[in-house]
Amino acid sequence: MTTPTGVAERLASLVGALRAHGVRIGTGETVDAARAVEALGLADRELLREGLAATLLHGTAQRPVFDPVFDLYFPRGVGGPDTASADRDDLRERLAAALAANDRASLGRLAAEAVDGFGGYGASSASDGWSSHQTLDRLRPQTLLARVRDDVRARDGGSGFTDRLLEDEIRRRIEAFRRMVAAEARRRVAERRGRDEIARRAVAPTADRVDFLFAGKDRLAELRRTVQPLARTLATRLAARRRRASRGTIDLRRTLRGSLSTGGVPMRPVLRRRRPARPELVLLCDVSGSVSGFSDFTMLLVQALHDQFSKVRVFAFVNRVDEVTGLLEHGAADPEGLGARIRAQATLTGWHGSSDYGVALGEFAERYGDAVGPRTTVFVLGDARTNQSDPNLAAVRQIAERARRVYWLNPEADTQWGTGDSAAPAYAELVEMHECRTARQLGALVGRLLPI
Amino acid sequence: MLFTSVDDVSRRLAETGYLPSPAVATTVFLADRLGKPLLVEGPAGVGKTELAKAVAQVAQARLVRLQCYEGVDESRALYEWNHAKQLLRISAGRDETWDEARTDIFSEEFLLPRPLLTAIRGDDAKVLLIDETDKADVEVEGLLLEVLSDFQVTVPELGTVTATRRPFVVLTSNASRELSEALRRRCLFLHIGFPDEELERRIVRLKVPGLDEALAESVVRVVGALRAMDLRKVPSVAETIDWARTLLALGADTLDETVVRDTLGVLLKHQDDILKAAAKLDPGAL
Ligand SMILES: Nc1ncnc2c1ncn2[C@@H]1O[C@H](COP(=O)(O)OP(=O)(O)OP(=O)(O)O)[C@@H](O)[C@H]1O
Ligand SMILES: [Mg+2]
């Protein structure tokens, strides 16, 4: 290999960091990546980025992890910019001009200056660092919107049809600038603390590994886009399980009866046929603020799988329970607004707004008890945090007795169960409870637990 | 080796009318250098198929295309015996033993080569395009894996055919089904997304040369705004080009509410998307 020394090591660390984020990379890919470096050279960093992505990645979902990791191991440069620390007004002035011109190269340079000038904190070398949050807080690029808009209008005449697009376009440029600042701060911090640590801690995981409970709005939107592909994969898996199951077990009585004609020798084993009817599913979802991201995602997933079942009914609760099956059916076209619609149109709260598992489960058992029968599998979704009120174990016992199976999916880490007001351990004694923190875990659980 | 550098890729693809992004040019260059198949994923209409055609044109190679669909099988992808012709040959009944006849009817003359076999036979340059791989069933993936690993195919009655000259292979996918990890490992991976504004403007100018430059810019900006919206299907490059052509045909020299409203159907395919977009672009009209 004729790659310059140092590069091979850097490549190995890059691969290590990607693996730590769950990207599967074999030796073959690493060898290809080294050959790519050799063929492309190091002169053009963006070509190198694309070359390594082409050789190391196997899918689009890995790219959001790859880019920040690449930026750390093959950084734009070392240290701060050459220019002296900028004055805030001057920097904002130049930022406005770059935003108006949509000049990405300038924006990149300005991001570096901004972090250098306004992002540094701490005095001792043990605790100091660079913060994108602090940089953006001082620079406040979002407040340039009106100014940049007026500048562009003055320049272009400001009439015509596309003028109405201008504000949104500038907003997207400002958003891109904020991401540049974040990348630059990460690079500077990595110079201090070491790349490996920053690659592990500061690079966001792929969407399917994000904790539901900590996922922001963007991440949840990104997740929602994975519902359909995930549903397709799961449907295939269910079909395979169903095929395997329907091969069936040997029906001994019928095999022996059949063997009378062969002198009692069981020549032709008779297989027991499974009943062809598809199972029924009931979903009972806590949709209170704390866990709504998790419930919404799971409801959408189950809705996308509905033709795998003879019947799916979905109930939502906060401290009162209401059926939302219909809302969900119509909501499939607009997953973004689903949660809001459920919370607006269903009666989910009584005289206060926080969740009360005991009351809600009791109301379900009482009002909708007949939704659950011997062919029904029930999934309860929620963190089992009762706000100190009675968990009403009797209601859960009653549901478990009527149903074929009851599973409880809890979006909290199992180490948290039982802490504070969590009634998880008590519920887990009555029904099978699983930790379900990420879309990846949910996919695996649903694929395994869904009745066939 | 087809290309001397990434720039060389960009320049020569552009000469055929395909304008690659830096990512596309880099990956094509590496696929050629490393001799690996190229798996291209991305939304519909971003130029995946077109890329393979452009590479073939640059390489002065024959384009061999395997169009995948549900139910495509070995006899469509690899080879098949021409049964009708074999029957004719047998019933023509020359004076010979069955062994002689059998040797004869399982010879080259009665073989119908399909794309995968065609691509690895012969000494001429070829580009093998396996289009919409995700539409094929999983079993076909096994077949592809075999062919793309060794570039050889065994026809039991004839023996093993090994490529003397490996084709440049492009697989495309819309990701309607996840391709297997094993197949992905054989390939370089390229995601083609929507081009940035500047590139899309150049594509529009190239494909619709009569269009006014300022109008081309407006077209691309409106498309960009639609892509930022939450629609069932956002417009792709193919739709941008169609829209530009439509505007040219209508003789529009700038965009206005009426023209946009009347032609939105070229960009968007779903009625609810059209309504949503109209409300956003032309709030006064509602
Ligand atoms: N970079 C580009 N340069 C020139 N033309 C392009 C480019 N990208 C897309 N096009 C044009 O866009 C149209 C659609 O391209 P193409 O059919 O290759 O899309 P595709 O990605 O294969 O879509 P599908 O998934 O629907 O098969 C073609 O007319 C092509 O010429
Ligand atoms: Mg195509």
# chains A, B, ... in the order shown; residues from 1 in each chain; ligands from 1
$ interface_residues --of "chain A" --to "chain B" --cutoff "6 Å" --atoms "only C-alpha atoms" --output "ChimeraX atom specification"
/A:50,54-55,58,161
$ residues_near_ligand --ligand "ligand 2" --cutoff "10 Å" --atoms "only C-alpha atoms and all ligand atoms" --output "ChimeraX atom specification"
/B:42-52,67,130-132,172-174
$ residues_around --residues "stretch 143-160 of chain B" --least-positions-apart "3" --cutoff "8 Å" --atoms "only C-alpha atoms" --output "ChimeraX atom specification"
/B:37,74,106-108,116-117,120,139-140,163,166,182-183,186
$ select_by_dssp --residues "stretch 57-107 of chain A" --states "helix (DSSP H, G or I)" --output "VMD selection string"
chain A and resid 60 to 73 88 to 101 104 to 107
$ write_last_selection --atoms "C-alpha atoms" --output "CSV table (one decimal), in the first residue's frame"
chain,number,residue,atom,x,y,z
A,60,THR,CA,-28.2,5.8,2.8
A,61,ALA,CA,-29.1,5.7,6.5
A,62,GLN,CA,-25.5,5.5,7.5
A,63,ARG,CA,-24.5,8.7,5.8
A,64,PRO,CA,-25.6,11.1,8.6
A,65,VAL,CA,-23.2,9.3,10.9
A,66,PHE,CA,-20.4,9.1,8.4
A,67,ASP,CA,-20.1,12.8,7.6
A,68,PRO,CA,-19.4,14.1,11.0
A,69,VAL,CA,-17.1,11.2,11.8
A,70,PHE,CA,-15.2,11.9,8.5
A,71,ASP,CA,-14.9,15.6,9.5
A,72,LEU,CA,-13.2,14.6,12.7
A,73,TYR,CA,-10.7,12.2,11.2
A,88,ARG,CA,-19.2,40.7,16.5
A,89,ASP,CA,-20.8,43.4,14.4
A,90,ASP,CA,-18.2,42.9,11.7
A,91,LEU,CA,-18.8,39.2,11.6
A,92,ARG,CA,-22.5,39.6,11.4
A,93,GLU,CA,-22.1,42.1,8.6
A,94,ARG,CA,-20.0,39.6,6.6
A,95,LEU,CA,-22.4,36.8,7.5
A,96,ALA,CA,-25.3,38.7,6.1
A,97,ALA,CA,-23.5,39.3,2.9
A,98,ALA,CA,-22.6,35.6,2.5
A,99,LEU,CA,-26.2,34.6,3.3
A,100,ALA,CA,-27.5,37.0,0.7
A,101,ALA,CA,-25.1,35.6,-1.9
A,104,ARG,CA,-21.2,28.3,0.9
A,105,ALA,CA,-17.4,28.7,0.9
A,106,SER,CA,-17.6,32.0,2.7
A,107,LEU,CA,-20.2,30.6,5.1
$ select_by_dssp --residues "stretch 2-187 of chain B" --states "strand (DSSP E)" --output "PyMOL selection string"
chain B and resi 38-41+62-67+79-81+111-113+126-131+152-155+159-162+168-173
$ write_last_selection --atoms "C-alpha atoms" --output "tab-separated table (two decimals), in the first residue's frame"
chain	number	residue	atom	x	y	z
B	38	LEU	CA	-21.67	0.13	-8.59
B	39	LEU	CA	-24.91	0.03	-6.61
B	40	VAL	CA	-26.86	3.25	-7.17
B	41	GLU	CA	-29.78	4.06	-4.90
B	62	ARG	CA	-22.38	-1.95	-25.55
B	63	LEU	CA	-25.12	-1.42	-22.96
B	64	VAL	CA	-26.53	-4.75	-21.80
B	65	ARG	CA	-29.61	-4.21	-19.69
B	66	LEU	CA	-31.33	-6.57	-17.30
B	67	GLN	CA	-34.63	-4.98	-16.34
B	79	TYR	CA	-29.85	-18.12	-20.40
B	80	GLU	CA	-32.44	-20.47	-21.75
B	81	TRP	CA	-32.48	-23.31	-24.28
B	111	LEU	CA	-28.69	-21.34	-26.65
B	112	LEU	CA	-30.58	-18.13	-25.94
B	113	PRO	CA	-28.22	-15.99	-23.90
B	126	LYS	CA	-19.75	-3.74	-22.16
B	127	VAL	CA	-21.69	-1.95	-19.50
B	128	LEU	CA	-24.09	-4.24	-17.65
B	129	LEU	CA	-27.07	-2.34	-16.25
B	130	ILE	CA	-29.12	-4.30	-13.73
B	131	ASP	CA	-32.03	-1.91	-13.43
B	152	GLN	CA	-18.37	-16.72	-14.63
B	153	VAL	CA	-21.41	-18.76	-15.46
B	154	THR	CA	-21.70	-22.50	-15.76
B	155	VAL	CA	-23.99	-23.97	-18.37
B	159	GLY	CA	-19.20	-25.84	-19.61
B	160	THR	CA	-18.10	-22.72	-17.80
B	161	VAL	CA	-18.00	-19.33	-19.44
B	162	THR	CA	-15.54	-16.93	-17.82
B	168	PHE	CA	-18.61	-2.22	-15.98
B	169	VAL	CA	-21.61	-3.11	-13.79
B	170	VAL	CA	-24.27	-0.71	-12.54
B	171	LEU	CA	-27.12	-1.90	-10.31
B	172	THR	CA	-29.92	0.53	-9.55
B	173	SER	CA	-32.50	0.41	-6.78
$ residues_around --residues "A:Gln416" --least-positions-apart "4" --cutoff "12 Å" --atoms "only C-alpha atoms" --output "PyMOL selection string"
chain A and resi 383-385+410-412+420-425+435+437
$ write_last_selection --atoms "C-alpha atoms" --output "compact mmCIF listing (two decimals), in the first residue's frame"
# COMPACT_ATOMS: atom_id res chain seq x y z
CA ASP A 383 -43.39 4.22 30.68
CA ALA A 384 -45.62 3.02 33.56
CA ARG A 385 -45.06 6.28 35.43
CA ASN A 410 -41.61 0.37 27.91
CA PRO A 411 -39.54 3.15 26.27
CA GLU A 412 -37.47 3.61 29.41
CA GLY A 420 -39.40 7.43 41.31
CA ASP A 421 -43.07 6.97 40.40
CA SER A 422 -42.47 4.07 37.99
CA ALA A 423 -44.79 1.13 38.62
CA ALA A 424 -43.01 -0.92 35.97
CA PRO A 425 -41.87 -3.78 38.25
CA GLU A 435 -37.52 -2.41 27.22
CA ARG A 437 -36.02 2.48 23.61
$ atom_distance --atom1 "atom CA of A:Asn102" --atom2 "atom CA of A:Ala183"
18.8 Å
$ residues_around --residues "A:Pro141" --least-positions-apart "3" --cutoff "9 Å" --atoms "only C-alpha atoms" --output "ChimeraX atom specification"
/A:92,95-96,136-138,144-145,174,177-178
$ residues_around --residues "B:Ala216" --least-positions-apart "5" --cutoff "12 Å" --atoms "only C-alpha atoms" --output "JSON, numbers by chain"
{"A": [162], "B": [197, 198, 199, 200, 201, 202, 203, 204, 205, 206, 207, 208, 209, 210, 211, 221, 222, 223, 240, 241, 243, 244, 245, 247, 248, 252, 253, 254, 255]}
$ residues_around --residues "stretch 186-198 of chain A" --least-positions-apart "3" --cutoff "12 Å" --atoms "only C-alpha atoms" --output "PyMOL selection string"
chain A and resi 10+12-21+68-81+111-113+115-116+119-121+125-133+179-183+201-204
$ closest_residue --among "B:Val237, B:Ala84, B:Ala54, B:Leu2" --to "ligand 1" --atoms "only C-alpha atoms and all ligand atoms"
B:Val237
$ atom_distance --atom1 "atom CA of A:Ala199" --atom2 "atom CA of A:Leu139"
26.0 Å
